[in-house]
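Engineer: Contents of query19.cif (mmCIF, C-alpha atoms) are below:
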data_start
#
loop_
_atom_site.group_PDB
_atom_site.id
_atom_site.type_symbol
_atom_site.label_atom_id
_atom_site.label_comp_id
_atom_site.auth_asym_id
_atom_site.auth_seq_id
_atom_site.Cartn_x
_atom_site.Cartn_y
_atom_site.Cartn_z
ATOM 1 C CA MET A 1043 -30.348 199.001 -7.977
ATOM 2 C CA PRO A 1044 -28.582 196.588 -5.631
ATOM 3 C CA ASP A 1045 -24.804 196.324 -5.716
ATOM 4 C CA ASP A 1046 -23.138 192.964 -6.395
ATOM 5 C CA GLU A 1047 -22.977 192.050 -2.702
ATOM 6 C CA ASP A 1048 -26.687 192.776 -2.192
ATOM 7 C CA LEU A 1049 -27.547 190.868 -5.350
ATOM 8 C CA PHE A 1050 -25.498 187.866 -4.184
ATOM 9 C CA SER A 1051 -27.228 187.837 -0.798
ATOM 10 C CA ALA A 1052 -30.635 188.106 -2.487
ATOM 11 C CA THR A 1053 -30.123 185.508 -5.241
ATOM 12 C CA GLY A 1054 -27.745 182.957 -3.761
ATOM 13 C CA GLU A 1055 -24.407 181.449 -4.621
ATOM 14 C CA PRO A 1056 -23.594 182.087 -8.324
ATOM 15 C CA ASP A 1057 -22.963 178.437 -9.267
ATOM 16 C CA THR A 1058 -26.307 177.438 -7.763
ATOM 17 C CA VAL A 1059 -28.134 180.261 -9.531
ATOM 18 C CA LEU A 1060 -26.526 179.205 -12.818
ATOM 19 C CA ARG A 1061 -27.549 175.554 -12.343
ATOM 20 C CA VAL A 1062 -31.132 176.595 -11.549
ATOM 21 C CA PHE A 1063 -31.274 178.957 -14.558
ATOM 22 C CA GLU A 1064 -29.960 176.231 -16.850
ATOM 23 C CA ALA A 1065 -32.399 173.602 -15.520
ATOM 24 C CA LEU A 1066 -35.606 175.674 -15.641
ATOM 25 C CA PRO A 1067 -38.272 173.870 -17.690
ATOM 26 C CA PHE A 1068 -39.181 177.018 -19.626
ATOM 27 C CA ALA A 1069 -37.157 179.094 -22.073
ATOM 28 C CA LEU A 1070 -35.255 182.120 -20.776
ATOM 29 C CA GLY A 1071 -32.982 184.370 -22.775
ATOM 30 C CA ALA A 1072 -31.474 187.831 -22.457
ATOM 31 C CA TRP A 1073 -30.316 190.430 -24.937
ATOM 32 C CA GLN A 1074 -28.259 193.621 -24.626
ATOM 33 C CA GLY A 1075 -27.737 196.679 -26.782
ATOM 34 C CA HIS A 1076 -29.715 198.248 -29.579
ATOM 35 C CA ASP A 1077 -29.015 195.186 -31.778
ATOM 36 C CA HIS A 1078 -30.374 192.866 -29.058
ATOM 37 C CA VAL A 1079 -27.274 190.684 -28.807
ATOM 38 C CA TYR A 1080 -27.809 187.399 -26.978
ATOM 39 C CA VAL A 1081 -26.007 187.450 -23.609
ATOM 40 C CA ALA A 1082 -27.718 184.485 -21.919
ATOM 41 C CA THR A 1083 -29.883 181.505 -22.818
ATOM 42 C CA ASN A 1084 -30.872 178.473 -20.804
ATOM 43 C CA ALA A 1085 -31.105 174.864 -22.018
ATOM 44 C CA ALA A 1086 -34.855 175.108 -22.703
ATOM 45 C CA TYR A 1087 -34.309 178.218 -24.871
ATOM 46 C CA ARG A 1088 -31.534 176.554 -26.871
ATOM 47 C CA ALA A 1089 -33.638 173.415 -27.303
ATOM 48 C CA LEU A 1090 -36.642 175.469 -28.414
ATOM 49 C CA LEU A 1091 -34.599 177.036 -31.212
ATOM 50 C CA GLY A 1092 -32.502 173.966 -31.926
ATOM 51 C CA ARG A 1093 -29.441 176.223 -31.853
ATOM 52 C CA GLY A 1094 -26.522 176.470 -29.475
ATOM 53 C CA ASP A 1095 -24.652 179.270 -31.228
ATOM 54 C CA LEU A 1096 -26.730 182.228 -30.043
ATOM 55 C CA LEU A 1097 -24.431 183.985 -27.546
ATOM 56 C CA GLY A 1098 -22.756 187.103 -28.880
ATOM 57 C CA ARG A 1099 -25.021 187.278 -31.919
ATOM 58 C CA PRO A 1100 -27.753 189.842 -32.603
ATOM 59 C CA VAL A 1101 -31.203 188.256 -32.618
ATOM 60 C CA ARG A 1102 -31.789 189.465 -36.201
ATOM 61 C CA GLU A 1103 -28.735 187.475 -37.319
ATOM 62 C CA ALA A 1104 -29.314 184.434 -35.106
ATOM 63 C CA VAL A 1105 -33.012 184.000 -35.963
ATOM 64 C CA PRO A 1106 -33.394 185.717 -39.355
ATOM 65 C CA GLU A 1107 -36.631 183.937 -40.234
ATOM 66 C CA LEU A 1108 -38.431 186.219 -37.751
ATOM 67 C CA GLU A 1109 -37.992 189.193 -40.107
ATOM 68 C CA GLY A 1110 -41.383 190.661 -41.011
ATOM 69 C CA GLN A 1111 -43.172 188.957 -38.102
ATOM 70 C CA GLN A 1112 -43.139 191.975 -35.751
ATOM 71 C CA PHE A 1113 -40.942 190.221 -33.157
ATOM 72 C CA PHE A 1114 -37.907 192.443 -33.746
ATOM 73 C CA GLU A 1115 -40.166 195.481 -33.545
ATOM 74 C CA LEU A 1116 -41.516 194.205 -30.207
ATOM 75 C CA LEU A 1117 -37.953 193.984 -28.852
ATOM 76 C CA ASP A 1118 -37.212 197.502 -30.127
ATOM 77 C CA ARG A 1119 -40.388 198.840 -28.526
ATOM 78 C CA VAL A 1120 -39.705 197.289 -25.095
ATOM 79 C CA ALA A 1121 -36.116 198.603 -25.209
ATOM 80 C CA ALA A 1122 -37.322 202.097 -26.158
ATOM 81 C CA THR A 1123 -40.220 202.366 -23.706
ATOM 82 C CA GLY A 1124 -38.944 200.283 -20.805
ATOM 83 C CA VAL A 1125 -42.400 198.695 -20.568
ATOM 84 C CA ALA A 1126 -42.719 194.900 -20.571
ATOM 85 C CA GLU A 1127 -45.005 193.316 -23.152
ATOM 86 C CA THR A 1128 -46.700 189.927 -22.972
ATOM 87 C CA ALA A 1129 -47.828 187.937 -25.991
ATOM 88 C CA LYS A 1130 -50.395 185.148 -25.977
ATOM 89 C CA GLU A 1131 -50.484 182.633 -28.816
ATOM 90 C CA TRP A 1132 -48.100 184.763 -30.910
ATOM 91 C CA ARG A 1133 -47.858 183.104 -34.315
ATOM 92 C CA MET A 1134 -44.320 182.677 -35.617
ATOM 93 C CA GLN A 1135 -42.855 181.055 -38.676
ATOM 94 C CA ILE A 1136 -39.677 179.699 -37.145
ATOM 95 C CA ASP A 1137 -37.102 176.927 -37.409
ATOM 96 C CA THR A 1138 -37.465 175.256 -34.005
ATOM 97 C CA ASP A 1139 -35.205 172.266 -34.562
ATOM 98 C CA GLY A 1140 -32.193 173.729 -36.355
ATOM 99 C CA SER A 1141 -33.043 171.882 -39.580
ATOM 100 C CA GLY A 1142 -33.560 175.019 -41.636
ATOM 101 C CA VAL A 1143 -37.224 174.124 -42.123
ATOM 102 C CA VAL A 1144 -39.518 176.939 -41.013
ATOM 103 C CA ARG A 1145 -42.748 175.834 -39.355
ATOM 104 C CA GLU A 1146 -45.717 177.648 -37.900
ATOM 105 C CA ARG A 1147 -45.657 177.722 -34.086
ATOM 106 C CA TYR A 1148 -47.557 179.643 -31.409
ATOM 107 C CA PHE A 1149 -45.867 181.034 -28.314
ATOM 108 C CA ASP A 1150 -46.811 182.709 -25.052
ATOM 109 C CA PHE A 1151 -43.992 184.924 -23.772
ATOM 110 C CA THR A 1152 -43.054 188.121 -22.001
ATOM 111 C CA VAL A 1153 -40.282 190.503 -23.014
ATOM 112 C CA ALA A 1154 -39.239 192.605 -20.032
ATOM 113 C CA PRO A 1155 -36.594 195.308 -19.693
ATOM 114 C CA CYS A 1156 -33.524 194.729 -17.549
ATOM 115 C CA ARG A 1157 -32.570 197.926 -15.732
ATOM 116 C CA ASP A 1158 -29.100 199.363 -15.290
ATOM 117 C CA PRO A 1159 -28.070 201.074 -12.006
ATOM 118 C CA GLY A 1160 -29.387 204.413 -13.321
ATOM 119 C CA CYS A 1161 -32.770 202.764 -14.040
ATOM 120 C CA GLY A 1162 -32.330 202.921 -17.801
ATOM 121 C CA VAL A 1163 -32.926 199.895 -19.987
ATOM 122 C CA ALA A 1164 -29.719 197.850 -20.090
ATOM 123 C CA GLY A 1165 -31.198 194.963 -22.021
ATOM 124 C CA LEU A 1166 -34.162 192.639 -22.323
#
Can you give me the file's structure in the form of structure tokens?
Structural biologist:
Amino acid sequence: MPDDEDLFSATGEPDTVLRVFEALPFALGAWQGHDHVYVATNAAYRALLGRGDLLGRPVREAVPELEGQQFFELLDRVAATGVAETAKEWRMQIDTDGSGVVRERYFDFTVAPCRDPGCGVAGL
């Protein structure tokens, strides 16, 4: 795993990387810990969920309507195995505008592990 200096030289100046991450036209988010606590989301992710209060909250608390839809289990599985999983046209009943109204939506996404320096799974 690269140290901070190597990572900086490989990814660029932190403010620029942050601006690019925030402006990406597709949703990106990251979780840490066994509860999958949100540690990063970009503007597209927040817009997709219609929620800006995700950081520091476990995904099960932040998006409770996903209970029983196998999404939480997918996160648990990727964290346990360290193997990325890709979903195509995954059906979700989800509130995508923050109104509290749950609607059927279909998503394509990948959940990938984020490695710590010892090559264990540090998050997703």
Engineer: Quick one: of A:Leu1117, A:Pro1067, A:Leu1096, A:Asp1077, who's nearest to Ala1129 (chain A), counting all atoms listed in the file?
Structural biologist: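 Looking only at the distances to Ala1129 (chain A), the closest residue turns out to be A:Leu1117.
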Engineer: Could you check the closest approach to Val1143 (chain A) for each of A:Glu1107, A:Glu1131, A:Glu1115, A:Asp1158 and tell me which residue wins, using all atoms listed in the file?
Structural biologist: A:Glu1107
Engineer: Pull out every residue that the PyMOL selection byres ((chain A and resi 1140) around 12) matches in the shown coordinates and put them as number ranges by chain.
Structural biologist: A: 1088-1096, 1104-1105, 1107, 1136-1139, 1141-1145
Engineer: Starting from 5 Å padding per side, set up an axis-aligned box that covers all listed atoms of region 1145-1149 of chain A and hand over centre and edge lengths in Å, one decimal, as AutoDock Vina command-line options.
Structural biologist:
--center_x -45.2 --center_y 178.4 --center_z -33.8 --size_x 14.8 --size_y 15.2 --size_z 21.0
Engineer: What does the distance from CA of Val1120 (chain A) to CA of Ala1072 (chain A) come to in Å, to one decimal?
Structural biologist: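 According to the coordinates, CA of Val1120 (chain A) and CA of Ala1072 (chain A) are separated by 12.8 Å.
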Engineer: Provide the CA of Leu1066 (chain A) to CA of Asn1084 (chain A) distance in Å, to one decimal place.
Structural biologist: 7.5 Å
Engineer: On this file, the PyMOL selection byres ((chain A and resi 1148-1156) around 8) gives some set of residues; write that set as a tab-separated table (two decimals) with C-alpha atoms, in the coordinates of the input.
Structural biologist:
chain	number	residue	atom	x	y	z
A	1117	LEU	CA	-37.95	193.98	-28.85
A	1120	VAL	CA	-39.70	197.29	-25.10
A	1121	ALA	CA	-36.12	198.60	-25.21
A	1124	GLY	CA	-38.94	200.28	-20.80
A	1125	VAL	CA	-42.40	198.70	-20.57
A	1126	ALA	CA	-42.72	194.90	-20.57
A	1127	GLU	CA	-45.00	193.32	-23.15
A	1128	THR	CA	-46.70	189.93	-22.97
A	1129	ALA	CA	-47.83	187.94	-25.99
A	1130	LYS	CA	-50.40	185.15	-25.98
A	1131	GLU	CA	-50.48	182.63	-28.82
A	1132	TRP	CA	-48.10	184.76	-30.91
A	1133	ARG	CA	-47.86	183.10	-34.32
A	1134	MET	CA	-44.32	182.68	-35.62
A	1146	GLU	CA	-45.72	177.65	-37.90
A	1147	ARG	CA	-45.66	177.72	-34.09
A	1157	ARG	CA	-32.57	197.93	-15.73
A	1158	ASP	CA	-29.10	199.36	-15.29
A	1163	VAL	CA	-32.93	199.90	-19.99
A	1164	ALA	CA	-29.72	197.85	-20.09
A	1165	GLY	CA	-31.20	194.96	-22.02
A	1166	LEU	CA	-34.16	192.64	-22.32
Engineer: Would you mind telling me which residue in A:Val1101, A:Ala1122, A:Ala1069, A:Val1062 lies nearest to Val1081 (chain A) when using only C-alpha atoms?
Structural biologist: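 The closest residue to Val1081 (chain A) is A:Val1101.
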Engineer: Restricting the calculation to all atoms listed in the file: of A:Thr1083, A:Leu1097, A:Gly1075, A:Gly1110, which residue gets closest to Phe1063 (chain A)?
Structural biologist: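 Comparing A:Thr1083, A:Leu1097, A:Gly1075, A:Gly1110 against Phe1063 (chain A), the winner is A:Thr1083.
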Engineer: Calculated over only C-alpha atoms, which of the candidates A:Tyr1087, A:Tyr1080, A:Trp1073, A:Phe1068 has the smallest distance to Arg1099 (chain A)?
Structural biologist: A:Tyr1080
Engineer: Between CA of Ala1085 (chain A) and CA of Ala1065 (chain A), what is the distance, to one decimal in Å?
Structural biologist: 6.7 Å
Engineer: Out of A:Asp1118, A:Thr1053, A:Val1059, A:Gln1111, which residue has the shortest atom-to-atom distance to His1078 (chain A) when counting all atoms listed in the file?
Structural biologist: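 The closest residue to His1078 (chain A) is A:Asp1118.
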